[in-house]
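A.B. asks: Sharing upload35.tsv (TSV, C-alpha atoms and all ligand atoms) below.
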```tsv
chain	number	residue	atom	x	y	z
A	856	MET	CA	2.75	-29.62	-9.96
A	857	LEU	CA	-0.30	-28.43	-8.06
A	858	LYS	CA	1.82	-26.16	-5.87
A	859	HIS	CA	3.44	-24.68	-8.97
A	860	LEU	CA	0.02	-23.94	-10.48
A	861	ILE	CA	-1.27	-22.43	-7.23
A	862	MET	CA	1.86	-20.25	-6.94
A	863	LYS	CA	1.40	-19.07	-10.53
A	864	ASN	CA	-2.30	-18.34	-10.02
A	865	ARG	CA	-2.01	-14.81	-8.67
A	866	SER	CA	-4.53	-11.98	-8.98
A	867	TYR	CA	-3.54	-10.09	-12.14
A	868	ARG	CA	-5.11	-6.75	-12.96
A	869	ARG	CA	-3.31	-5.63	-16.14
A	870	PHE	CA	-3.60	-7.56	-19.40
A	871	TYR	CA	-2.83	-7.51	-23.12
A	872	GLU	CA	-6.39	-6.54	-23.96
A	873	GLU	CA	-6.01	-7.28	-27.68
A	874	GLU	CA	-5.24	-10.96	-26.93
A	875	ARG	CA	-8.71	-12.44	-27.28
A	876	ILE	CA	-10.00	-15.46	-25.36
A	877	LEU	CA	-12.21	-17.70	-27.47
A	878	MET	CA	-15.72	-18.61	-26.28
A	879	LYS	CA	-14.80	-22.31	-26.45
A	880	ASP	CA	-11.95	-21.63	-23.99
A	881	LEU	CA	-14.31	-19.77	-21.64
A	882	LYS	CA	-16.71	-22.72	-21.87
A	883	SER	CA	-13.91	-25.15	-21.02
A	884	LEU	CA	-13.28	-23.14	-17.82
A	885	ILE	CA	-16.97	-23.35	-16.90
A	886	ASP	CA	-16.72	-27.09	-17.40
A	887	LEU	CA	-14.05	-27.19	-14.67
A	888	ALA	CA	-16.46	-25.37	-12.35
A	889	ARG	CA	-19.25	-27.76	-13.35
A	890	LEU	CA	-17.11	-30.77	-12.32
A	891	SER	CA	-16.13	-29.21	-8.96
A	892	PRO	CA	-17.72	-30.02	-5.59
A	893	SER	CA	-21.12	-28.56	-4.74
A	894	GLY	CA	-22.77	-28.36	-1.28
A	895	ALA	CA	-25.64	-30.92	-1.15
A	896	ASN	CA	-24.86	-31.33	-4.87
A	897	LEU	CA	-27.32	-28.50	-5.52
A	898	GLN	CA	-25.33	-27.13	-8.50
A	899	SER	CA	-27.23	-23.89	-8.32
A	900	LEU	CA	-24.56	-21.70	-9.92
A	901	LYS	CA	-25.16	-20.19	-13.35
A	902	TYR	CA	-22.67	-18.28	-15.49
A	903	VAL	CA	-22.53	-15.34	-17.89
A	904	LEU	CA	-19.57	-15.38	-20.31
A	905	SER	CA	-18.30	-12.41	-22.28
A	906	ASN	CA	-15.45	-11.88	-24.72
A	907	ASP	CA	-17.40	-9.14	-26.47
A	908	GLU	CA	-15.83	-5.67	-26.41
A	909	LYS	CA	-19.02	-3.71	-25.67
A	910	THR	CA	-20.22	-6.08	-22.96
A	911	ASN	CA	-16.71	-6.16	-21.44
A	912	GLU	CA	-16.81	-2.40	-21.09
A	913	LEU	CA	-20.20	-2.52	-19.36
A	914	ILE	CA	-18.86	-5.08	-16.87
A	915	PHE	CA	-15.59	-3.18	-16.37
A	916	ASN	CA	-17.51	-0.06	-15.29
A	917	GLU	CA	-19.10	-1.92	-12.37
A	918	LEU	CA	-15.89	-3.34	-10.81
A	919	LYS	CA	-13.91	-2.05	-7.83
A	920	TRP	CA	-10.25	-2.56	-8.55
A	921	ALA	CA	-7.52	-3.21	-5.95
A	922	GLY	CA	-8.82	-1.45	-2.84
A	923	TYR	CA	-5.32	-1.13	-1.33
A	924	LEU	CA	-3.92	0.72	-4.38
A	925	LYS	CA	-5.54	4.00	-3.44
A	926	ASP	CA	-4.21	6.06	-6.37
A	927	TRP	CA	-5.04	3.49	-9.04
A	928	LYS	CA	-8.45	3.53	-10.69
A	929	GLY	CA	-8.00	0.21	-12.52
A	930	PRO	CA	-6.34	-0.76	-15.78
A	931	LYS	CA	-6.23	1.77	-18.63
A	932	LYS	CA	-7.65	1.05	-22.10
A	933	GLY	CA	-5.49	-1.56	-23.83
A	934	GLU	CA	-4.64	-3.22	-20.50
A	935	ARG	CA	-8.16	-4.26	-19.56
A	936	PRO	CA	-9.46	-7.84	-19.35
A	937	ALA	CA	-10.25	-9.61	-22.62
A	938	ALA	CA	-13.05	-11.64	-21.08
A	939	TYR	CA	-15.27	-12.01	-18.04
A	940	ILE	CA	-17.14	-14.73	-16.23
A	941	VAL	CA	-19.95	-13.66	-13.91
A	942	ILE	CA	-21.02	-16.27	-11.36
A	943	LEU	CA	-24.71	-16.18	-10.42
A	944	SER	CA	-26.62	-17.99	-7.71
A	945	ASP	CA	-29.88	-19.41	-9.05
A	946	GLN	CA	-32.22	-18.65	-6.15
A	947	SER	CA	-35.03	-20.64	-7.77
A	948	ILE	CA	-32.93	-23.76	-7.06
A	949	SER	CA	-31.73	-22.74	-3.58
A	950	LYS	CA	-31.34	-19.60	-1.48
A	951	THR	CA	-27.89	-20.85	-0.45
A	952	CYS	CA	-25.06	-22.15	-2.58
A	953	TYR	CA	-22.80	-22.73	0.45
A	954	TRP	CA	-19.26	-21.83	-0.72
A	955	ASP	CA	-19.66	-23.30	-4.21
A	956	HIS	CA	-18.83	-19.93	-5.81
A	957	GLY	CA	-15.43	-19.86	-4.08
A	958	ILE	CA	-14.63	-23.36	-5.28
A	959	ALA	CA	-15.88	-22.56	-8.78
A	960	SER	CA	-13.78	-19.38	-8.89
A	961	GLN	CA	-10.65	-21.26	-7.93
A	962	SER	CA	-11.29	-24.01	-10.50
A	963	ILE	CA	-11.82	-21.39	-13.21
A	964	LEU	CA	-8.71	-19.43	-12.27
A	965	LEU	CA	-6.49	-22.50	-12.00
A	966	GLY	CA	-7.74	-23.64	-15.42
A	967	ALA	CA	-7.07	-20.19	-16.88
A	968	THR	CA	-3.56	-20.18	-15.39
A	969	GLU	CA	-2.86	-23.63	-16.82
A	970	ARG	CA	-3.88	-22.32	-20.26
A	971	GLY	CA	-1.49	-19.32	-20.04
A	972	TYR	CA	-4.11	-16.78	-19.01
A	973	ALA	CA	-4.51	-14.99	-15.71
A	974	GLY	CA	-7.32	-13.31	-13.86
A	975	CYS	CA	-8.74	-11.61	-10.85
A	976	GLN	CA	-11.90	-12.42	-8.93
A	977	PHE	CA	-14.11	-9.59	-7.70
A	978	GLY	CA	-16.32	-9.63	-4.64
A	979	ALA	CA	-16.52	-5.84	-4.76
A	980	PHE	CA	-18.72	-4.74	-7.64
A	981	ASN	CA	-21.96	-2.93	-8.21
A	982	ALA	CA	-24.42	-5.85	-8.33
A	983	ASP	CA	-27.35	-3.71	-9.52
A	984	GLY	CA	-25.19	-2.31	-12.31
A	985	ILE	CA	-24.12	-5.81	-13.40
A	986	ARG	CA	-27.75	-6.96	-13.28
A	987	GLU	CA	-28.85	-4.08	-15.47
A	988	ALA	CA	-25.92	-4.26	-17.91
A	989	LEU	CA	-26.38	-7.99	-18.50
A	990	ASP	CA	-30.16	-8.08	-18.21
A	991	ILE	CA	-30.06	-10.62	-15.38
A	992	PRO	CA	-33.46	-11.62	-13.98
A	993	GLU	CA	-34.37	-11.32	-10.30
A	994	HIS	CA	-33.90	-15.01	-9.41
A	995	LEU	CA	-30.24	-14.96	-10.47
A	996	LYS	CA	-28.01	-13.21	-7.93
A	997	PRO	CA	-24.54	-12.01	-9.04
A	998	LEU	CA	-21.94	-13.31	-6.57
A	999	VAL	CA	-18.53	-13.08	-8.23
A	1000	VAL	CA	-17.07	-11.48	-11.33
A	1001	ILE	CA	-13.89	-13.00	-12.77
A	1002	ALA	CA	-11.77	-10.91	-15.12
A	1003	LEU	CA	-9.50	-12.81	-17.51
A	1004	GLY	CA	-6.76	-12.08	-20.02
A	1005	LYS	CA	-3.11	-12.53	-21.00
A	1006	PRO	CA	-1.17	-11.13	-18.04
A	1007	LYS	CA	0.82	-7.93	-18.58
A	1008	GLU	CA	2.32	-7.43	-15.14
A	1009	VAL	CA	4.66	-9.12	-12.71
A	1010	VAL	CA	3.15	-10.31	-9.43
A	1011	LEU	CA	5.45	-11.54	-6.68
A	1012	LEU	CA	4.65	-13.30	-3.43
A	1013	GLU	CA	6.66	-12.32	-0.38
A	1014	ASP	CA	6.75	-13.25	3.27
A	1015	LEU	CA	4.56	-11.01	5.37
A	1016	ASP	CA	6.58	-8.68	7.50
A	1017	ASP	CA	4.84	-7.40	10.64
A	1018	GLU	CA	5.78	-3.79	9.96
A	1019	LYS	CA	4.44	-3.70	6.38
A	1020	GLY	CA	1.34	-5.78	7.07
A	1021	ILE	CA	-1.05	-7.57	4.73
A	1022	LYS	CA	-1.59	-4.87	2.10
A	1023	TYR	CA	-0.41	-5.68	-1.40
A	1024	TYR	CA	1.51	-2.87	-3.08
A	1025	ARG	CA	3.30	-1.83	-6.27
A	1026	ASP	CA	6.96	-0.85	-6.26
A	1027	GLU	CA	8.61	1.84	-8.41
A	1028	GLU	CA	9.04	-0.69	-11.24
A	1029	GLU	CA	5.27	-1.35	-11.16
A	1030	VAL	CA	5.83	-4.87	-9.82
A	1031	HIS	CA	2.88	-5.99	-7.71
A	1032	HIS	CA	3.86	-7.54	-4.34
A	1033	VAL	CA	1.58	-9.80	-2.30
A	1034	PRO	CA	2.57	-10.51	1.33
A	1035	LYS	CA	1.59	-13.95	2.60
A	1036	ARG	CA	1.57	-15.09	6.22
A	1037	SER	CA	3.98	-17.92	7.12
A	1038	LEU	CA	2.88	-21.52	7.64
A	1039	ASP	CA	3.81	-21.35	11.33
A	1040	ASP	CA	1.65	-18.28	11.69
A	1041	ILE	CA	-1.53	-19.92	10.41
A	1042	ILE	CA	-1.33	-23.40	11.94
A	1043	PHE	CA	-3.08	-22.85	15.23
A	1044	LYS	CA	-2.44	-26.31	16.77
A	1045	LYS	CA	-0.79	-29.57	15.79
A	1046	TYR	CA	-1.70	-32.92	17.34
A	1047	GLU	CA	0.93	-35.53	16.45
B	1101	LIG	C1	-13.32	-13.44	-2.14
B	1101	LIG	C2	-12.38	-12.54	-2.89
B	1101	LIG	C3	-12.81	-11.28	-3.29
B	1101	LIG	C4	-11.95	-10.43	-3.98
B	1101	LIG	N1	-12.42	-9.22	-4.42
B	1101	LIG	C5	-11.58	-8.40	-5.11
B	1101	LIG	C6	-12.07	-7.16	-5.61
B	1101	LIG	O1	-13.24	-6.82	-5.46
B	1101	LIG	N2	-11.21	-6.36	-6.29
B	1101	LIG	C7	-9.91	-6.72	-6.52
B	1101	LIG	O2	-9.17	-5.95	-7.16
B	1101	LIG	N3	-9.41	-7.90	-6.05
B	1101	LIG	C8	-10.22	-8.75	-5.37
B	1101	LIG	N4	-9.75	-9.96	-4.90
B	1101	LIG	C9	-8.34	-10.34	-5.13
B	1101	LIG	C10	-7.53	-10.23	-3.81
B	1101	LIG	O3	-7.21	-8.88	-3.60
B	1101	LIG	C11	-6.27	-11.10	-3.93
B	1101	LIG	O4	-6.66	-12.46	-3.93
B	1101	LIG	C12	-5.30	-10.84	-2.77
B	1101	LIG	O5	-4.76	-9.53	-2.86
B	1101	LIG	C13	-4.15	-11.83	-2.76
B	1101	LIG	O6	-3.48	-11.83	-3.99
B	1101	LIG	P1	-3.31	-13.19	-4.78
B	1101	LIG	O7	-4.65	-13.57	-5.32
B	1101	LIG	O8	-2.31	-12.90	-5.86
B	1101	LIG	O9	-2.81	-14.21	-3.79
B	1101	LIG	C14	-10.59	-10.84	-4.25
B	1101	LIG	C15	-10.18	-12.12	-3.87
B	1101	LIG	C16	-11.06	-12.96	-3.21
B	1101	LIG	C17	-10.59	-14.36	-2.82
```
Can you turn what I pasted into structure tokens?
Ligand SMILES: Cc1cc2nc3c(=O)[nH]c(=O)nc-3n(C[C@H](O)[C@H](O)[C@H](O)COP(=O)(O)O)c2cc1C
C.D. replies:
Amino acid sequence: MLKHLIMKNRSYRRFYEEERILMKDLKSLIDLARLSPSGANLQSLKYVLSNDEKTNELIFNELKWAGYLKDWKGPKKGERPAAYIVILSDQSISKTCYWDHGIASQSILLGATERGYAGCQFGAFNADGIREALDIPEHLKPLVVIALGKPKEVVLLEDLDDEKGIKYYRDEEEVHHVPKRSLDDIIFKKYE
């Protein structure tokens, strides 16, 4: 079950934009993050939620889409995310949040996948632009943006082949391929 959900939880970058995500559904995803582990139990993450068209556009303009797809500038109108979650670190609670934002992102994305949505997390975005667009005060530092929507593309995992390397790519049918290293490749040592 968990493996199935993890396999299904790919990074999607094209959506049925008109398929709205309700605020109560976004809040239920934040609740999954809230219940997730937190270093020193600091719980210093804060969240901005948007399913509002105008705000979505402001957020969209600050994101850097799919660095390996050099000729693609991101999804066109109609295929853009229906909602966003911005994860902030509340520096008035702690200067560090350890890796809480990674755990929170995964909880949110697994929850979205379970509900029939899909998403993509962004580490590459213009933080000053996000701050300005969402009127975020100085003590809240934007760490991750998560785009969400009903998926409108096919994403396939494949075994990493040494010649092709780690870069994801799109084939002529617009199917998105994601190479993954093998288990044997990543287990450095086994003590039995
Ligand atoms: C920490 C982190 C930062 C990421 N930042 C971006 C980003 O800025 N832009 C983007 O298009 N995808 C981003 N991604 C998505 C990755 O490109 C994606 O996870 C990777 O290609 C593997 O695909 P998969 O998620 O389907 O396994 C990020 C993923 C992670 C975990």
A.B. asks: Output as JSON lines one row per residue of chain A within 10 Å of ligand LIG 1101 (chain B): the closest atom pair and its distance in Å to one decimal place, counting only C-alpha atoms and all ligand atoms, sorted by chain and residue number ascending.
C.D. replies:
```
{"residue": "A:Ile861", "atom": "CA", "partner": "B:LIG1101", "partner_atom": "O9", "distance": 9.0}
{"residue": "A:Met862", "atom": "CA", "partner": "B:LIG1101", "partner_atom": "O9", "distance": 8.3}
{"residue": "A:Lys863", "atom": "CA", "partner": "B:LIG1101", "partner_atom": "O8", "distance": 8.6}
{"residue": "A:Asn864", "atom": "CA", "partner": "B:LIG1101", "partner_atom": "O8", "distance": 6.8}
{"residue": "A:Arg865", "atom": "CA", "partner": "B:LIG1101", "partner_atom": "O8", "distance": 3.4}
{"residue": "A:Ser866", "atom": "CA", "partner": "B:LIG1101", "partner_atom": "O8", "distance": 3.9}
{"residue": "A:Tyr867", "atom": "CA", "partner": "B:LIG1101", "partner_atom": "O8", "distance": 7.0}
{"residue": "A:Arg868", "atom": "CA", "partner": "B:LIG1101", "partner_atom": "O2", "distance": 7.1}
{"residue": "A:Leu918", "atom": "CA", "partner": "B:LIG1101", "partner_atom": "O1", "distance": 6.9}
{"residue": "A:Lys919", "atom": "CA", "partner": "B:LIG1101", "partner_atom": "N2", "distance": 5.3}
{"residue": "A:Trp920", "atom": "CA", "partner": "B:LIG1101", "partner_atom": "O2", "distance": 3.8}
{"residue": "A:Ala921", "atom": "CA", "partner": "B:LIG1101", "partner_atom": "O2", "distance": 3.4}
{"residue": "A:Gly922", "atom": "CA", "partner": "B:LIG1101", "partner_atom": "O2", "distance": 6.2}
{"residue": "A:Tyr923", "atom": "CA", "partner": "B:LIG1101", "partner_atom": "O3", "distance": 8.3}
{"residue": "A:Leu924", "atom": "CA", "partner": "B:LIG1101", "partner_atom": "O2", "distance": 8.9}
{"residue": "A:Gly929", "atom": "CA", "partner": "B:LIG1101", "partner_atom": "O2", "distance": 8.2}
{"residue": "A:His956", "atom": "CA", "partner": "B:LIG1101", "partner_atom": "C1", "distance": 9.3}
{"residue": "A:Gly957", "atom": "CA", "partner": "B:LIG1101", "partner_atom": "C1", "distance": 7.0}
{"residue": "A:Ser960", "atom": "CA", "partner": "B:LIG1101", "partner_atom": "C17", "distance": 8.5}
{"residue": "A:Gln961", "atom": "CA", "partner": "B:LIG1101", "partner_atom": "C17", "distance": 8.6}
{"residue": "A:Leu964", "atom": "CA", "partner": "B:LIG1101", "partner_atom": "O7", "distance": 10.0}
{"residue": "A:Gly974", "atom": "CA", "partner": "B:LIG1101", "partner_atom": "O7", "distance": 9.0}
{"residue": "A:Cys975", "atom": "CA", "partner": "B:LIG1101", "partner_atom": "C9", "distance": 5.9}
{"residue": "A:Gln976", "atom": "CA", "partner": "B:LIG1101", "partner_atom": "C14", "distance": 5.1}
{"residue": "A:Phe977", "atom": "CA", "partner": "B:LIG1101", "partner_atom": "O1", "distance": 3.7}
{"residue": "A:Gly978", "atom": "CA", "partner": "B:LIG1101", "partner_atom": "N1", "distance": 3.9}
{"residue": "A:Ala979", "atom": "CA", "partner": "B:LIG1101", "partner_atom": "O1", "distance": 3.5}
{"residue": "A:Phe980", "atom": "CA", "partner": "B:LIG1101", "partner_atom": "O1", "distance": 6.3}
{"residue": "A:Asn981", "atom": "CA", "partner": "B:LIG1101", "partner_atom": "O1", "distance": 9.9}
{"residue": "A:Leu998", "atom": "CA", "partner": "B:LIG1101", "partner_atom": "C1", "distance": 9.7}
{"residue": "A:Val999", "atom": "CA", "partner": "B:LIG1101", "partner_atom": "C3", "distance": 7.8}
{"residue": "A:Val1000", "atom": "CA", "partner": "B:LIG1101", "partner_atom": "O1", "distance": 8.4}
{"residue": "A:Ile1001", "atom": "CA", "partner": "B:LIG1101", "partner_atom": "C5", "distance": 9.2}
{"residue": "A:Ala1002", "atom": "CA", "partner": "B:LIG1101", "partner_atom": "O2", "distance": 9.7}
{"residue": "A:Val1010", "atom": "CA", "partner": "B:LIG1101", "partner_atom": "O8", "distance": 7.0}
{"residue": "A:Leu1011", "atom": "CA", "partner": "B:LIG1101", "partner_atom": "O8", "distance": 7.9}
{"residue": "A:Leu1012", "atom": "CA", "partner": "B:LIG1101", "partner_atom": "O8", "distance": 7.4}
{"residue": "A:Ile1021", "atom": "CA", "partner": "B:LIG1101", "partner_atom": "O5", "distance": 8.7}
{"residue": "A:Lys1022", "atom": "CA", "partner": "B:LIG1101", "partner_atom": "O5", "distance": 7.5}
{"residue": "A:Tyr1023", "atom": "CA", "partner": "B:LIG1101", "partner_atom": "O5", "distance": 6.0}
{"residue": "A:Tyr1024", "atom": "CA", "partner": "B:LIG1101", "partner_atom": "O5", "distance": 9.1}
{"residue": "A:His1031", "atom": "CA", "partner": "B:LIG1101", "partner_atom": "O8", "distance": 8.8}
{"residue": "A:His1032", "atom": "CA", "partner": "B:LIG1101", "partner_atom": "O8", "distance": 8.3}
{"residue": "A:Val1033", "atom": "CA", "partner": "B:LIG1101", "partner_atom": "O6", "distance": 5.7}
{"residue": "A:Pro1034", "atom": "CA", "partner": "B:LIG1101", "partner_atom": "C13", "distance": 8.0}
{"residue": "A:Lys1035", "atom": "CA", "partner": "B:LIG1101", "partner_atom": "O9", "distance": 7.8}
```
A.B. asks: Which one of A:Leu1003, A:Asp1014, A:Phe1043, A:Leu913 sits closest to Leu965 (chain A) if you count all atoms listed in the file?
C.D. replies: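 Of A:Leu1003, A:Asp1014, A:Phe1043, A:Leu913, the one nearest Leu965 (chain A), counting all atoms listed in the file, is A:Leu1003.
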A.B. asks: Fewer than 5 positions away in the same chain doesn't count, so skip those; otherwise give me all residues within 10 Å of Ile963 (chain A), counting only C-alpha atoms, as a short mmCIF file (atom, residue, chain, number, x, y, z; two decimals) with C-alpha atoms, keeping the file's coordinate frame.
C.D. replies:
```cif
data_model
loop_
_atom_site.label_atom_id
_atom_site.label_comp_id
_atom_site.auth_asym_id
_atom_site.auth_seq_id
_atom_site.Cartn_x
_atom_site.Cartn_y
_atom_site.Cartn_z
CA LEU A 881 -14.31 -19.77 -21.64
CA SER A 883 -13.91 -25.15 -21.02
CA LEU A 884 -13.28 -23.14 -17.82
CA ILE A 885 -16.97 -23.35 -16.90
CA ASP A 886 -16.72 -27.09 -17.40
CA LEU A 887 -14.05 -27.19 -14.67
CA ALA A 888 -16.46 -25.37 -12.35
CA ARG A 889 -19.25 -27.76 -13.35
CA SER A 891 -16.13 -29.21 -8.96
CA ILE A 940 -17.14 -14.73 -16.23
CA GLY A 957 -15.43 -19.86 -4.08
CA ILE A 958 -14.63 -23.36 -5.28
CA THR A 968 -3.56 -20.18 -15.39
CA GLU A 969 -2.86 -23.63 -16.82
CA GLY A 974 -7.32 -13.31 -13.86
CA GLN A 976 -11.90 -12.42 -8.93
CA ILE A 1001 -13.89 -13.00 -12.77
CA LEU A 1003 -9.50 -12.81 -17.51
#
```
A.B. asks: Between CA of Pro992 (chain A) and CA of Pro930 (chain A), what distance in Å does the model show, to one decimal?
C.D. replies: 29.3 Å
A.B. asks: Identify the residues around (-30.7, -17.7, -6.1) within a radius of 12 Å, measuring from only C-alpha atoms in the coordinates stated by the file, and give them as a list of chain:residue names.
C.D. replies: A:Leu897, A:Gln898, A:Ser899, A:Leu900, A:Lys901, A:Ile942, A:Leu943, A:Ser944, A:Asp945, A:Gln946, A:Ser947, A:Ile948, A:Ser949, A:Lys950, A:Thr951, A:Cys952, A:Tyr953, A:Ile991, A:Pro992, A:Glu993, A:His994, A:Leu995, A:Lys996, A:Pro997, A:Leu998
A.B. asks: Quick check, in Å to one decimal: how far apart do CA of Arg935 (chain A) and CA of Leu860 (chain A) lie?
C.D. replies: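 So the two atoms, CA of Arg935 (chain A) and CA of Leu860 (chain A), lie 23.2 Å apart.
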A.B. asks: Calculate, to one decimal in Å, the centre and edge lengths of the box along x, y and z of the file that holds all listed atoms of region 1027-1039 of chain A with 8 Å of margin on each side, and present them as lines of an AutoDock Vina configuration file.
C.D. replies:
```
center_x = 5.3
center_y = -9.8
center_z = 0.0
size_x = 23.5
size_y = 39.4
size_z = 38.6
```
A.B. asks: Can you pull out every residue within 8 Å of Arg875 (chain A), counting all atoms listed in the file, but drop anything in the same chain fewer than 4 positions away, and send it as a ChimeraX atom specification?
C.D. replies: /A:906,937-938,1004
A.B. asks: What would the file look like if the residues just selected were written as a tab-separated table (two decimals), in the coordinates of the input with C-alpha atoms?
C.D. replies:
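Dumped everything to result-v8.tsv:
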```
chain	number	residue	atom	x	y	z
A	906	ASN	CA	-15.45	-11.88	-24.72
A	937	ALA	CA	-10.25	-9.61	-22.62
A	938	ALA	CA	-13.05	-11.64	-21.08
A	1004	GLY	CA	-6.76	-12.08	-20.02
```
A.B. asks: Tell me which of A:Asp955, A:Val1009, A:Gly984, A:Tyr1046 sits closest to Ala895 (chain A), counting only C-alpha atoms.
C.D. replies: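 The closest residue to Ala895 (chain A) is A:Asp955.
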A.B. asks: Please indicate the distance in Å from CA of Leu989 (chain A) to CA of Glu908 (chain A), rounded to one decimal place.
C.D. replies: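 Rounded to one decimal, the two atoms are 13.4 Å apart.
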A.B. asks: Would you mind telling me which residue in A:Ile1042, A:Ala967, A:Val941, A:Leu890 lies nearest to Glu917 (chain A) when using only C-alpha atoms?
C.D. replies: A:Val941
A.B. asks: Env of Glu1008 (chain A): 7 Å cut, atoms = only C-alpha atoms, seq-sep filter 2 positions within chain, self excluded. Answer as a VMD selection string.
C.D. replies: chain A and resid 869 1006 1010 1030
A.B. asks: Nearest residue to Asp990 (chain A) out of A:Ser962, A:Thr910, A:Ser1037, A:Ser893, using all atoms listed in the file?
C.D. replies: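 Among A:Ser962, A:Thr910, A:Ser1037, A:Ser893, it is A:Thr910 that comes nearest to Asp990 (chain A).
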A.B. asks: Nearest residue to Tyr871 (chain A) out of A:Met856, A:Asn916, A:Lys931, A:Lys1007, using all atoms listed in the file?
C.D. replies: A:Lys1007
A.B. asks: Pick the closest to Tyr902 (chain A) from A:Phe870, A:Tyr972, A:Phe915, A:Tyr939: which is it, counting all atoms listed in the file?
C.D. replies: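 Among the listed residues, A:Tyr939 lies closest to Tyr902 (chain A).
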